[in-house]
>>> print(open('run-v3.txt').read())   # compact mmCIF, C-alpha atoms
# COMPACT_ATOMS: atom_id res chain seq x y z
CA MET A 1 -29.84 10.05 -1.39
CA ASP A 2 -26.81 11.15 0.55
CA ILE A 3 -23.67 9.16 -0.24
CA LYS A 4 -20.24 9.61 1.29
CA VAL A 5 -17.10 7.88 0.11
CA LEU A 6 -14.50 7.51 2.84
CA GLY A 7 -10.87 7.39 1.80
CA THR A 8 -7.56 9.18 2.22
CA GLY A 9 -7.23 9.85 -1.48
CA CYS A 10 -5.83 6.70 -3.01
CA ALA A 11 -6.66 5.46 -6.50
CA ASN A 12 -9.29 3.02 -5.27
CA CYS A 13 -11.19 5.80 -3.52
CA LYS A 14 -11.36 7.83 -6.73
CA ASN A 15 -12.48 4.77 -8.66
CA THR A 16 -15.25 4.22 -6.13
CA VAL A 17 -16.53 7.78 -6.53
CA ASN A 18 -16.45 7.50 -10.32
CA LEU A 19 -18.23 4.16 -10.32
CA ILE A 20 -21.03 5.42 -8.07
CA GLU A 21 -21.43 8.49 -10.27
CA GLN A 22 -21.68 6.30 -13.35
CA VAL A 23 -24.27 3.98 -11.87
CA ALA A 24 -26.32 6.88 -10.50
CA ASN A 25 -26.33 8.54 -13.92
CA ALA A 26 -27.26 5.30 -15.63
CA GLN A 27 -30.13 4.69 -13.22
CA GLY A 28 -31.19 8.32 -13.17
CA VAL A 29 -31.04 8.47 -9.38
CA ALA A 30 -30.33 11.85 -7.83
CA VAL A 31 -27.48 11.47 -5.36
CA GLN A 32 -25.46 13.84 -3.28
CA LEU A 33 -21.95 12.46 -3.48
CA GLU A 34 -19.32 13.61 -1.05
CA LYS A 35 -15.73 12.52 -0.55
CA VAL A 36 -14.52 12.38 3.03
CA GLU A 37 -10.73 12.58 3.19
CA ASP A 38 -10.15 13.76 6.73
CA ILE A 39 -8.78 10.85 8.70
CA ARG A 40 -10.59 11.82 11.91
CA ALA A 41 -13.92 12.00 10.14
CA ILE A 42 -13.24 8.61 8.53
CA MET A 43 -12.40 7.07 11.88
CA GLY A 44 -15.60 8.55 13.26
CA TYR A 45 -17.49 6.05 11.12
CA GLY A 46 -15.54 3.18 12.63
CA VAL A 47 -14.18 2.12 9.27
CA MET A 48 -10.77 0.44 9.27
CA SER A 49 -10.11 -0.22 5.64
CA THR A 50 -10.75 2.25 2.87
CA PRO A 51 -12.51 3.02 0.61
CA GLY A 52 -15.69 2.89 2.62
CA VAL A 53 -19.18 3.89 1.54
CA VAL A 54 -21.75 5.57 3.77
CA ILE A 55 -25.35 5.91 2.59
CA ASN A 56 -27.70 8.14 4.56
CA GLY A 57 -25.39 7.98 7.55
CA LYS A 58 -24.98 4.19 7.56
CA VAL A 59 -21.77 2.36 6.62
CA VAL A 60 -22.68 -0.12 3.89
CA HIS A 61 -19.24 -1.07 2.64
CA ALA A 62 -15.55 -0.98 3.59
CA GLY A 63 -12.26 -2.18 2.22
CA GLY A 64 -12.09 -2.04 -1.55
CA VAL A 65 -13.93 -0.78 -4.59
CA PRO A 66 -17.52 -2.06 -4.36
CA SER A 67 -18.83 -4.11 -7.26
CA ARG A 68 -21.20 -2.56 -9.77
CA ASP A 69 -23.94 -5.00 -8.68
CA LYS A 70 -23.64 -3.83 -5.11
CA ILE A 71 -23.89 -0.17 -6.06
CA GLU A 72 -26.94 -0.87 -8.21
CA GLN A 73 -28.59 -2.54 -5.23
CA TRP A 74 -27.89 0.42 -2.94
CA LEU A 75 -29.20 2.94 -5.40
CA SER A 76 -32.36 1.04 -6.22
CA ALA A 77 -33.19 0.48 -2.55
CA MET B 1 -25.94 -14.44 -27.32
CA ASN B 2 -26.14 -12.34 -24.22
CA ALA B 3 -27.84 -15.07 -22.24
CA HIS B 4 -25.08 -17.41 -23.37
CA MET B 5 -22.36 -15.13 -22.11
CA LEU B 6 -24.14 -14.82 -18.82
CA THR B 7 -24.30 -18.56 -18.20
CA LEU B 8 -20.67 -18.91 -19.20
CA THR B 9 -19.38 -16.25 -16.83
CA SER B 10 -21.64 -17.03 -13.88
CA TRP B 11 -21.27 -20.78 -13.58
CA PRO B 12 -18.18 -20.61 -11.33
CA THR B 13 -20.29 -18.83 -8.72
CA ARG B 14 -23.28 -21.12 -9.18
CA LYS B 15 -21.24 -24.30 -8.83
CA PRO B 16 -18.18 -23.06 -6.90
CA ALA B 17 -16.96 -26.45 -5.66
CA ALA B 18 -17.07 -28.00 -9.14
CA PHE B 19 -15.37 -24.94 -10.57
CA LEU B 20 -12.52 -25.08 -8.05
CA LEU B 21 -11.93 -28.77 -8.73
CA LEU B 22 -11.98 -28.39 -12.50
CA ALA B 23 -9.86 -25.25 -12.46
CA SER B 24 -7.12 -26.79 -10.31
CA LEU B 25 -7.03 -29.87 -12.55
CA LEU B 26 -6.73 -27.75 -15.70
CA TRP B 27 -4.15 -25.55 -14.07
CA TRP B 28 -2.00 -28.54 -13.11
CA LEU B 29 -2.19 -30.08 -16.58
CA LEU B 30 -1.23 -26.79 -18.21
CA TYR B 31 1.65 -26.36 -15.77
CA GLN B 32 3.06 -29.76 -16.77
CA THR B 33 3.22 -28.72 -20.42
CA LEU B 34 5.35 -25.61 -19.81
CA VAL B 35 8.79 -27.16 -20.33
CA PRO B 36 7.99 -29.13 -23.54
CA VAL B 37 6.08 -26.19 -25.01
CA SER B 38 8.88 -23.68 -24.34
CA GLU B 39 11.46 -26.08 -25.80
CA ALA B 40 9.30 -26.68 -28.86
CA LEU B 41 8.81 -22.95 -29.33
CA VAL B 42 12.55 -22.29 -29.33
CA THR B 43 13.30 -25.17 -31.72
CA TRP B 44 10.68 -23.80 -34.02
CA LEU B 45 12.30 -20.34 -34.04
CA PRO B 46 15.28 -19.82 -36.39
CA VAL B 47 17.71 -19.56 -33.47
CA PRO B 48 20.16 -22.27 -32.39
CA ARG B 49 19.05 -23.67 -29.01
CA ASP B 50 22.55 -23.63 -27.48
CA SER B 51 23.35 -20.04 -28.47
CA HIS B 52 23.13 -17.11 -26.01
CA LEU B 53 19.90 -15.97 -27.59
CA GLY B 54 18.43 -19.47 -27.69
CA GLY B 55 19.13 -19.95 -23.98
CA ALA B 56 17.67 -16.55 -23.15
CA LEU B 57 14.52 -17.24 -25.19
CA GLN B 58 13.92 -20.65 -23.64
CA PHE B 59 14.38 -19.09 -20.19
CA PHE B 60 11.83 -16.42 -21.02
CA PHE B 61 9.26 -18.71 -22.67
CA TYR B 62 9.42 -21.07 -19.71
CA ASP B 63 9.70 -18.61 -16.83
CA ALA B 64 7.18 -16.00 -17.92
CA PRO B 65 4.14 -18.32 -18.18
CA LYS B 66 5.31 -20.32 -15.17
CA VAL B 67 5.53 -17.30 -12.89
CA LEU B 68 2.28 -15.80 -14.18
CA MET B 69 0.47 -19.11 -13.68
CA LEU B 70 1.85 -19.52 -10.17
CA LEU B 71 0.94 -15.96 -9.33
CA GLY B 72 -2.58 -16.27 -10.74
CA ALA B 73 -3.24 -19.41 -8.71
CA VAL B 74 -1.76 -18.08 -5.49
CA VAL B 75 -3.50 -14.71 -5.75
CA PHE B 76 -6.81 -16.44 -6.44
CA VAL B 77 -6.46 -18.72 -3.42
CA MET B 78 -5.29 -15.83 -1.24
CA GLY B 79 -8.26 -13.77 -2.41
CA MET B 80 -10.48 -16.55 -1.08
CA VAL B 81 -8.48 -16.87 2.15
CA ASN B 82 -8.53 -13.10 2.63
CA SER B 83 -12.30 -13.20 2.75
CA TYR B 84 -12.03 -15.17 6.01
CA PHE B 85 -9.70 -12.61 7.57
CA THR B 86 -11.26 -9.20 7.35
CA PRO B 87 -9.41 -6.47 9.28
CA GLU B 88 -12.33 -6.45 11.73
CA ARG B 89 -11.94 -10.12 12.55
CA THR B 90 -8.15 -9.81 12.84
CA ARG B 91 -8.62 -6.92 15.23
CA ALA B 92 -11.03 -8.95 17.35
CA LEU B 93 -8.48 -11.77 17.48
CA LEU B 94 -5.74 -9.43 18.69
CA ALA B 95 -7.62 -7.07 21.00
CA GLY B 96 -6.85 -7.29 24.69
CA ARG B 97 -4.04 -9.81 24.31
CA THR B 98 -0.76 -9.41 26.11
CA GLU B 99 2.41 -8.95 24.16
CA GLY B 100 4.68 -11.81 23.21
CA MET B 101 2.42 -14.42 21.68
CA ALA B 102 0.24 -11.64 20.30
CA ASN B 103 3.21 -10.26 18.34
CA ALA B 104 3.64 -13.64 16.69
CA MET B 105 -0.08 -13.86 15.96
CA ALA B 106 -0.15 -10.35 14.53
CA ALA B 107 2.78 -11.10 12.22
CA LEU B 108 1.07 -14.28 10.98
CA LEU B 109 -2.28 -12.56 10.54
CA GLY B 110 -0.47 -9.89 8.56
CA ILE B 111 0.06 -12.48 5.81
CA VAL B 112 -3.59 -13.43 5.41
CA THR B 113 -5.38 -10.15 6.14
CA PRO B 114 -5.98 -8.03 3.05
CA PHE B 115 -3.95 -4.86 3.33
CA CYS B 116 -3.40 -1.84 1.17
CA SER B 117 -0.89 0.79 2.22
CA CYS B 118 -3.51 3.53 1.82
CA SER B 119 -5.46 1.83 4.63
CA ALA B 120 -2.46 1.80 6.95
CA VAL B 121 -3.63 4.76 9.02
CA PRO B 122 -7.30 3.83 9.54
CA LEU B 123 -6.15 0.32 10.34
CA PHE B 124 -3.59 1.58 12.81
CA ILE B 125 -6.10 3.75 14.64
CA GLY B 126 -8.76 1.06 14.53
CA PHE B 127 -6.40 -1.42 16.16
CA VAL B 128 -5.17 0.94 18.87
CA GLN B 129 -8.69 2.17 19.61
CA ALA B 130 -9.91 -1.36 20.22
CA GLY B 131 -7.16 -2.08 22.71
CA VAL B 132 -4.63 -3.91 20.56
CA PRO B 133 -1.27 -3.10 22.20
CA LEU B 134 0.93 -0.66 20.27
CA GLY B 135 3.76 -3.16 19.72
CA VAL B 136 1.34 -5.79 18.45
CA THR B 137 -0.18 -3.26 16.04
CA PHE B 138 3.31 -2.59 14.72
CA SER B 139 4.02 -6.28 14.27
CA PHE B 140 0.96 -6.40 12.04
CA LEU B 141 1.85 -3.21 10.17
CA ILE B 142 5.36 -4.46 9.45
CA SER B 143 4.40 -7.95 8.34
CA ALA B 144 1.31 -7.08 6.26
CA PRO B 145 3.07 -5.29 3.39
CA MET B 146 6.41 -7.10 3.64
CA VAL B 147 5.37 -10.74 3.90
CA ASN B 148 2.77 -11.02 1.19
CA GLU B 149 1.75 -13.66 -1.28
CA VAL B 150 3.01 -11.78 -4.35
CA ALA B 151 6.53 -11.42 -2.95
CA LEU B 152 6.64 -15.04 -1.82
CA THR B 153 5.28 -16.45 -5.08
CA LEU B 154 7.72 -14.45 -7.18
CA LEU B 155 10.64 -15.50 -5.02
CA PHE B 156 9.50 -19.11 -5.23
CA GLY B 157 8.93 -19.01 -8.99
CA LEU B 158 12.21 -17.30 -9.84
CA PHE B 159 14.66 -18.38 -7.17
CA GLY B 160 13.22 -21.56 -5.67
CA TRP B 161 11.52 -22.53 -2.43
CA LYS B 162 14.60 -22.05 -0.24
CA VAL B 163 14.83 -18.35 -0.97
CA ALA B 164 11.05 -17.95 -0.54
CA LEU B 165 11.11 -19.76 2.78
CA LEU B 166 14.07 -17.70 3.98
CA TYR B 167 12.24 -14.52 3.09
CA LEU B 168 9.10 -15.73 4.88
CA ALA B 169 10.98 -16.67 8.05
CA MET B 170 13.06 -13.49 8.04
CA GLY B 171 10.06 -11.25 7.41
CA LEU B 172 7.99 -12.85 10.18
CA GLY B 173 10.96 -12.73 12.53
CA ILE B 174 11.57 -9.03 11.94
CA ALA B 175 7.87 -8.20 12.32
CA MET B 176 7.61 -10.11 15.61
CA VAL B 177 10.81 -8.86 17.19
CA ALA B 178 10.55 -5.25 15.98
CA GLY B 179 6.94 -5.03 17.22
CA TRP B 180 7.92 -6.53 20.54
CA VAL B 181 10.82 -4.08 20.94
CA ILE B 182 8.57 -1.12 20.12
CA GLY B 183 6.09 -2.41 22.71
CA ARG B 184 8.87 -2.61 25.35
CA LEU B 185 9.87 0.99 24.65
CA LYS B 186 6.47 2.24 25.93
CA LEU B 187 5.95 4.87 23.29
CA GLU B 188 2.20 5.29 23.67
CA ALA B 189 2.78 8.95 24.59
CA HIS B 190 4.14 9.58 21.12
CA LEU B 191 0.89 8.89 19.37
CA GLU B 192 -0.67 12.12 18.16
CA ASP B 193 -2.88 13.60 20.88
CA TRP B 194 -6.12 13.31 18.96
CA VAL B 195 -5.53 9.59 18.48
CA ARG B 196 -5.10 9.05 22.21
CA GLU B 197 -8.23 11.05 22.91
CA MET B 198 -10.43 9.04 20.58
CA PRO B 199 -13.11 7.07 22.40
CA ARG B 200 -12.32 3.43 23.00
CA MET B 201 -14.25 1.03 20.85
CA SER B 202 -15.12 -2.58 21.32
CA ALA B 203 -13.57 -5.00 18.88
CA GLN B 204 -16.78 -6.90 18.26
CA PHE B 205 -17.78 -7.47 14.72
CA GLU B 206 -20.60 -9.04 12.78
CA ASP B 207 -19.69 -11.79 10.40
CA ALA B 208 -21.30 -10.87 7.12
CA GLY B 209 -21.76 -14.55 6.27
CA CYS B 210 -19.78 -15.35 3.16
CA THR B 211 -20.68 -18.31 0.92
CA LEU B 212 -18.20 -20.33 -1.11
CA ALA B 213 -19.52 -18.59 -4.21
CA ASP B 214 -18.73 -15.20 -2.63
CA ARG B 215 -15.22 -16.38 -1.89
CA VAL B 216 -14.72 -17.59 -5.46
CA GLN B 217 -15.84 -14.17 -6.58
CA ALA B 218 -13.36 -12.59 -4.15
CA GLY B 219 -10.65 -14.77 -5.71
CA PHE B 220 -11.50 -13.51 -9.17
CA ALA B 221 -11.54 -9.93 -7.96
CA ALA B 222 -8.10 -10.38 -6.39
CA VAL B 223 -6.65 -11.83 -9.59
CA ARG B 224 -8.12 -9.03 -11.65
CA SER B 225 -6.82 -6.25 -9.42
CA ILE B 226 -3.43 -7.72 -8.44
CA VAL B 227 -2.27 -9.73 -11.44
CA GLY B 228 -3.80 -7.09 -13.71
CA LYS B 229 -1.54 -4.54 -12.07
CA VAL B 230 1.74 -6.37 -11.66
CA TRP B 231 2.14 -8.42 -14.84
CA PRO B 232 4.17 -5.80 -16.76
CA TYR B 233 6.74 -5.67 -13.95
CA ILE B 234 6.98 -9.41 -13.91
CA LEU B 235 7.44 -9.75 -17.65
CA GLY B 236 10.00 -6.93 -17.51
CA GLY B 237 11.81 -8.66 -14.67
CA ILE B 238 11.91 -12.00 -16.41
CA ALA B 239 13.01 -10.45 -19.70
CA LEU B 240 15.82 -8.69 -17.86
CA GLY B 241 16.68 -11.93 -16.13
CA ALA B 242 16.73 -13.72 -19.48
CA LEU B 243 18.99 -11.07 -20.99
CA ILE B 244 21.59 -11.03 -18.25
CA HIS B 245 21.35 -14.80 -18.23
CA GLY B 246 23.59 -14.73 -21.26
CA TYR B 247 25.09 -11.32 -21.72
CA VAL B 248 26.40 -9.61 -18.58
CA PRO B 249 29.61 -11.00 -17.03
CA GLU B 250 28.85 -13.43 -14.23
CA ASP B 251 30.43 -11.66 -11.22
CA PHE B 252 29.80 -8.10 -12.33
CA MET B 253 28.09 -7.32 -9.00
CA ALA B 254 30.20 -9.58 -6.82
CA SER B 255 32.95 -7.02 -6.36
CA PHE B 256 30.71 -4.44 -4.70
CA MET B 257 27.71 -6.43 -3.54
CA GLY B 258 29.35 -9.74 -2.74
CA ARG B 259 29.62 -11.09 0.78
CA GLU B 260 33.16 -9.80 1.32
CA ALA B 261 31.95 -6.22 1.16
CA TRP B 262 30.42 -5.82 4.67
CA TRP B 263 29.20 -2.30 3.90
CA SER B 264 27.02 -3.55 1.07
CA VAL B 265 24.19 -4.48 3.48
CA PRO B 266 23.78 -1.03 5.09
CA LEU B 267 24.19 0.51 1.66
CA ALA B 268 21.43 -1.69 0.25
CA VAL B 269 19.09 -0.71 3.10
CA LEU B 270 19.97 2.95 2.72
CA ILE B 271 19.14 2.85 -0.98
CA GLY B 272 16.04 0.76 -0.36
CA VAL B 273 14.23 2.94 2.18
CA PRO B 274 13.45 5.99 0.03
CA MET B 275 12.52 3.74 -2.89
CA TYR B 276 8.89 2.89 -3.07
CA THR B 277 7.50 0.11 -5.14
CA ASN B 278 5.56 -3.07 -4.56
CA ALA B 279 6.97 -6.58 -4.42
CA ALA B 280 6.50 -7.05 -8.15
CA GLY B 281 8.35 -3.86 -9.04
CA VAL B 282 11.41 -4.77 -7.05
CA ILE B 283 11.70 -8.28 -8.47
CA PRO B 284 13.46 -7.26 -11.73
CA ILE B 285 16.16 -5.55 -9.68
CA VAL B 286 16.51 -8.52 -7.36
CA GLN B 287 16.72 -10.81 -10.36
CA ALA B 288 19.49 -8.75 -11.90
CA LEU B 289 21.49 -8.44 -8.68
CA LEU B 290 21.32 -12.11 -7.72
CA ALA B 291 22.16 -13.39 -11.18
CA LYS B 292 25.29 -11.31 -11.22
CA GLY B 293 26.82 -12.48 -7.98
CA ALA B 294 25.42 -10.12 -5.34
CA ALA B 295 25.13 -11.93 -1.99
CA LEU B 296 21.70 -13.29 -1.08
CA GLY B 297 21.54 -11.56 2.33
CA THR B 298 22.34 -8.19 0.76
CA VAL B 299 19.71 -8.61 -1.93
CA LEU B 300 16.97 -9.76 0.45
CA ALA B 301 17.82 -6.86 2.80
CA PHE B 302 17.43 -4.50 -0.13
CA MET B 303 14.09 -6.03 -1.11
CA MET B 304 12.75 -5.88 2.43
CA SER B 305 13.73 -2.28 2.99
CA VAL B 306 12.08 -1.26 -0.27
CA ILE B 307 8.80 -2.98 0.59
CA ALA B 308 8.62 -2.57 4.37
CA LEU B 309 9.93 0.97 4.81
CA SER B 310 8.82 3.62 2.40
CA LEU B 311 8.82 7.39 2.50
CA PRO B 312 5.18 7.84 1.39
CA GLU B 313 4.01 5.49 4.14
CA MET B 314 6.00 7.46 6.72
CA ILE B 315 4.32 10.64 5.56
CA ILE B 316 0.89 9.08 5.94
CA LEU B 317 1.78 7.65 9.34
CA ARG B 318 2.98 11.08 10.47
CA LYS B 319 -0.71 12.01 10.81
CA VAL B 320 -1.07 9.64 13.73
CA LEU B 321 2.45 9.21 15.08
CA LYS B 322 4.77 11.83 16.46
CA LEU B 323 8.15 12.10 14.80
CA ARG B 324 9.96 10.26 17.56
CA LEU B 325 7.74 7.20 17.21
CA ILE B 326 8.20 7.12 13.43
CA ALA B 327 11.95 7.44 13.85
CA THR B 328 11.94 4.57 16.36
CA PHE B 329 9.84 2.46 14.03
CA VAL B 330 12.22 3.03 11.12
CA ALA B 331 15.30 2.49 13.28
CA VAL B 332 14.05 -0.76 14.79
CA VAL B 333 12.88 -2.25 11.51
CA ALA B 334 16.00 -1.14 9.64
CA SER B 335 18.25 -2.68 12.32
CA GLY B 336 16.29 -5.91 12.02
CA ILE B 337 16.79 -5.96 8.27
CA LEU B 338 20.49 -5.15 8.65
CA LEU B 339 20.97 -7.94 11.13
CA VAL B 340 19.20 -10.42 8.89
CA GLY B 341 21.31 -9.35 5.89
CA PHE B 342 24.55 -9.77 7.84
CA VAL B 343 23.56 -13.11 9.31
CA PHE B 344 22.63 -14.54 5.93
CA ASN B 345 25.78 -13.34 4.26
CA ALA B 346 27.80 -14.89 7.06
CA VAL B 347 25.98 -18.22 7.18
CA LEU B 348 25.22 -18.99 3.55
>>> encode(input="run-v3.txt", output="structure tokens")
Amino acid sequence: MDIKVLGTGCANCKNTVNLIEQVANAQGVAVQLEKVEDIRAIMGYGVMSTPGVVINGKVVHAGGVPSRDKIEQWLSA
Amino acid sequence: MNAHMLTLTSWPTRKPAAFLLLASLLWWLLYQTLVPVSEALVTWLPVPRDSHLGGALQFFFYDAPKVLMLLGAVVFVMGMVNSYFTPERTRALLAGRTEGMANAMAALLGIVTPFCSCSAVPLFIGFVQAGVPLGVTFSFLISAPMVNEVALTLLFGLFGWKVALLYLAMGLGIAMVAGWVIGRLKLEAHLEDWVREMPRMSAQFEDAGCTLADRVQAGFAAVRSIVGKVWPYILGGIALGALIHGYVPEDFMASFMGREAWWSVPLAVLIGVPMYTNAAGVIPIVQALLAKGAALGTVLAFMMSVIALSLPEMIILRKVLKLRLIATFVAVVASGILLVGFVFNAVL
């Protein structure tokens, strides 16, 4: 599973990355986690509020740290 | 045990309407008990009520829970309201409008749209890309951080509704007028080239369909992240307020920040711009200044320049704006704040 976290490097973006890592480890799902900090690349996804989460090329979340429940749903899908 | 915990923590989202009703009732009842409880607490302590310390303690025991309760309630409600106004919906409301009315709308939407300064740049580009006029985008960007529920609640809780209302009106006024002026100046050429070359996007959005339970959850999340972050500043501010309540001479500040000293307003703005903190962080300073005889216009000008204009935000915005546009932005907003400070010192 290819996951990208979009964000210019604020605290919430780091928290998002950490949380996804935690959940992936807990569920034993192999993920490729990448942080996208370049503003042009972020805008390319059409996201206006960060952090945003992109899974396999599709924006699933924007504007805030996603809840643990949400992440669990993405990873088990 | 675990199943018990689960039912206890999840019932607000299963019965959101009942929860909201019950919670507001409880909140109101608790709020009514604040004065008697704080008085009782001070009488119970071995300190005479009419001493300096007794006065300071009563002030603290009353103000601290009052402000925290107000803030918790307002942030919760705003968390729910915010879920109606996603940045995408706000953008769709503003896209393609002509300036004037749209500046007013953008300033008002700035209050209710969730905004974090680290999202300022993506938001800015997203707005411009979808055809929101530059001046209208600025109205939004000025109002969103400056006129926010935390600042207004703290002003209301500590200094009364008149000061809060003044701040609200002044903040909206500056955001509208400054955005309009920037729009008149036709500075589109001073966006960074890559921003102007980005493909235009439509402002359409899909409504994710939010239930009342989702909104209650959003309210909880807002309280956790905002109140969880700002409470130490608030307690610090109130403690400071309580201390100077009794101990520092009354017009300590009046000589150099009173209304006679005309230069105090520009000085306050000059000091405020490079400072960077949120509304909660600046409140202790405001508290201290006001209590000691600094003029209201000067203090509000200081608070606005700290929150609305900050060096880190300029550095982030530099990625999308050329220097001249940033300089114009700062100059226009700072003049607005100056004007407001002068007018208030003259009128009040």
>>> residues_around(input="run-v3.txt", residues="segment 220-237 of chain B", least_positions_apart="3", cutoff="7 Å", atoms="only C-alpha atoms", output="VMD selection string")
chain B and resid 64 72 75 to 76 79 216 to 217 240 to 241 280 to 281 283 to 284 287
>>> atom_distance(input="run-v3.txt", atom1="atom CA of Gly171 of chain B", atom2="atom CA of Ile315 of chain B")
22.7 Å
>>> interface_residues(input="run-v3.txt", of="chain B", to="chain A", cutoff="10 Å", atoms="all atoms listed in the file", output="PyMOL selection string")
chain B and resi 86-88+91+114-127+129+194-195+198-199+201+221+316+319-320
>>> write_last_selection(input="run-v3.txt", atoms="C-alpha atoms", output="PDB file, keeping the file's coordinate frame")
ATOM      1  CA  THR B  86     -11.260  -9.200   7.350  1.00  0.00           C
ATOM      2  CA  PRO B  87      -9.410  -6.470   9.280  1.00  0.00           C
ATOM      3  CA  GLU B  88     -12.330  -6.450  11.730  1.00  0.00           C
ATOM      4  CA  ARG B  91      -8.620  -6.920  15.230  1.00  0.00           C
ATOM      5  CA  PRO B 114      -5.980  -8.030   3.050  1.00  0.00           C
ATOM      6  CA  PHE B 115      -3.950  -4.860   3.330  1.00  0.00           C
ATOM      7  CA  CYS B 116      -3.400  -1.840   1.170  1.00  0.00           C
ATOM      8  CA  SER B 117      -0.890   0.790   2.220  1.00  0.00           C
ATOM      9  CA  CYS B 118      -3.510   3.530   1.820  1.00  0.00           C
ATOM     10  CA  SER B 119      -5.460   1.830   4.630  1.00  0.00           C
ATOM     11  CA  ALA B 120      -2.460   1.800   6.950  1.00  0.00           C
ATOM     12  CA  VAL B 121      -3.630   4.760   9.020  1.00  0.00           C
ATOM     13  CA  PRO B 122      -7.300   3.830   9.540  1.00  0.00           C
ATOM     14  CA  LEU B 123      -6.150   0.320  10.340  1.00  0.00           C
ATOM     15  CA  PHE B 124      -3.590   1.580  12.810  1.00  0.00           C
ATOM     16  CA  ILE B 125      -6.100   3.750  14.640  1.00  0.00           C
ATOM     17  CA  GLY B 126      -8.760   1.060  14.530  1.00  0.00           C
ATOM     18  CA  PHE B 127      -6.400  -1.420  16.160  1.00  0.00           C
ATOM     19  CA  GLN B 129      -8.690   2.170  19.610  1.00  0.00           C
ATOM     20  CA  TRP B 194      -6.120  13.310  18.960  1.00  0.00           C
ATOM     21  CA  VAL B 195      -5.530   9.590  18.480  1.00  0.00           C
ATOM     22  CA  MET B 198     -10.430   9.040  20.580  1.00  0.00           C
ATOM     23  CA  PRO B 199     -13.110   7.070  22.400  1.00  0.00           C
ATOM     24  CA  MET B 201     -14.250   1.030  20.850  1.00  0.00           C
ATOM     25  CA  ALA B 221     -11.540  -9.930  -7.960  1.00  0.00           C
ATOM     26  CA  ILE B 316       0.890   9.080   5.940  1.00  0.00           C
ATOM     27  CA  LYS B 319      -0.710  12.010  10.810  1.00  0.00           C
ATOM     28  CA  VAL B 320      -1.070   9.640  13.730  1.00  0.00           C
TER      29      VAL B 320
END
>>> atom_distance(input="run-v3.txt", atom1="atom CA of Ala144 of chain B", atom2="atom CA of Ile111 of chain B")
5.6 Å
>>> atom_distance(input="run-v3.txt", atom1="atom CA of Val286 of chain B", atom2="atom CA of Leu155 of chain B")
9.4 Å
>>> closest_residue(input="run-v3.txt", among="B:Leu71, B:Val128, B:Leu57, B:Ala268", to="Trp44 of chain B", atoms="all atoms listed in the file")
B:Leu57
>>> residues_near_point(input="run-v3.txt", point="(-19.2, 2.8, -6.4)", cutoff="12 Å", atoms="only C-alpha atoms", output="VMD selection string")
chain A and resid 3 to 6 12 to 25 33 35 51 to 55 60 to 62 64 to 75
>>> residues_around(input="run-v3.txt", residues="Phe329 of chain B", least_positions_apart="4", cutoff="12 Å", atoms="only C-alpha atoms", output="ChimeraX atom specification")
/B:134-135,137-139,141-142,174-175,177-183,185,187,190,308-310,313-314,317-318,321-325,333-336
>>> axis_aligned_box(input="run-v3.txt", around="segment 72-91 of chain B", padding_each_side="4 Å", output="AutoDock Vina command-line options")
--center_x -7.0 --center_y -12.9 --center_z 2.2 --size_x 18.6 --size_y 21.0 --size_z 34.0
>>> residues_around(input="run-v3.txt", residues="Tyr62 of chain B", least_positions_apart="6", cutoff="12 Å", atoms="only C-alpha atoms", output="PyMOL selection string")
chain B and resi 31-42+55-56+68-69+157-158+235+238-239+242
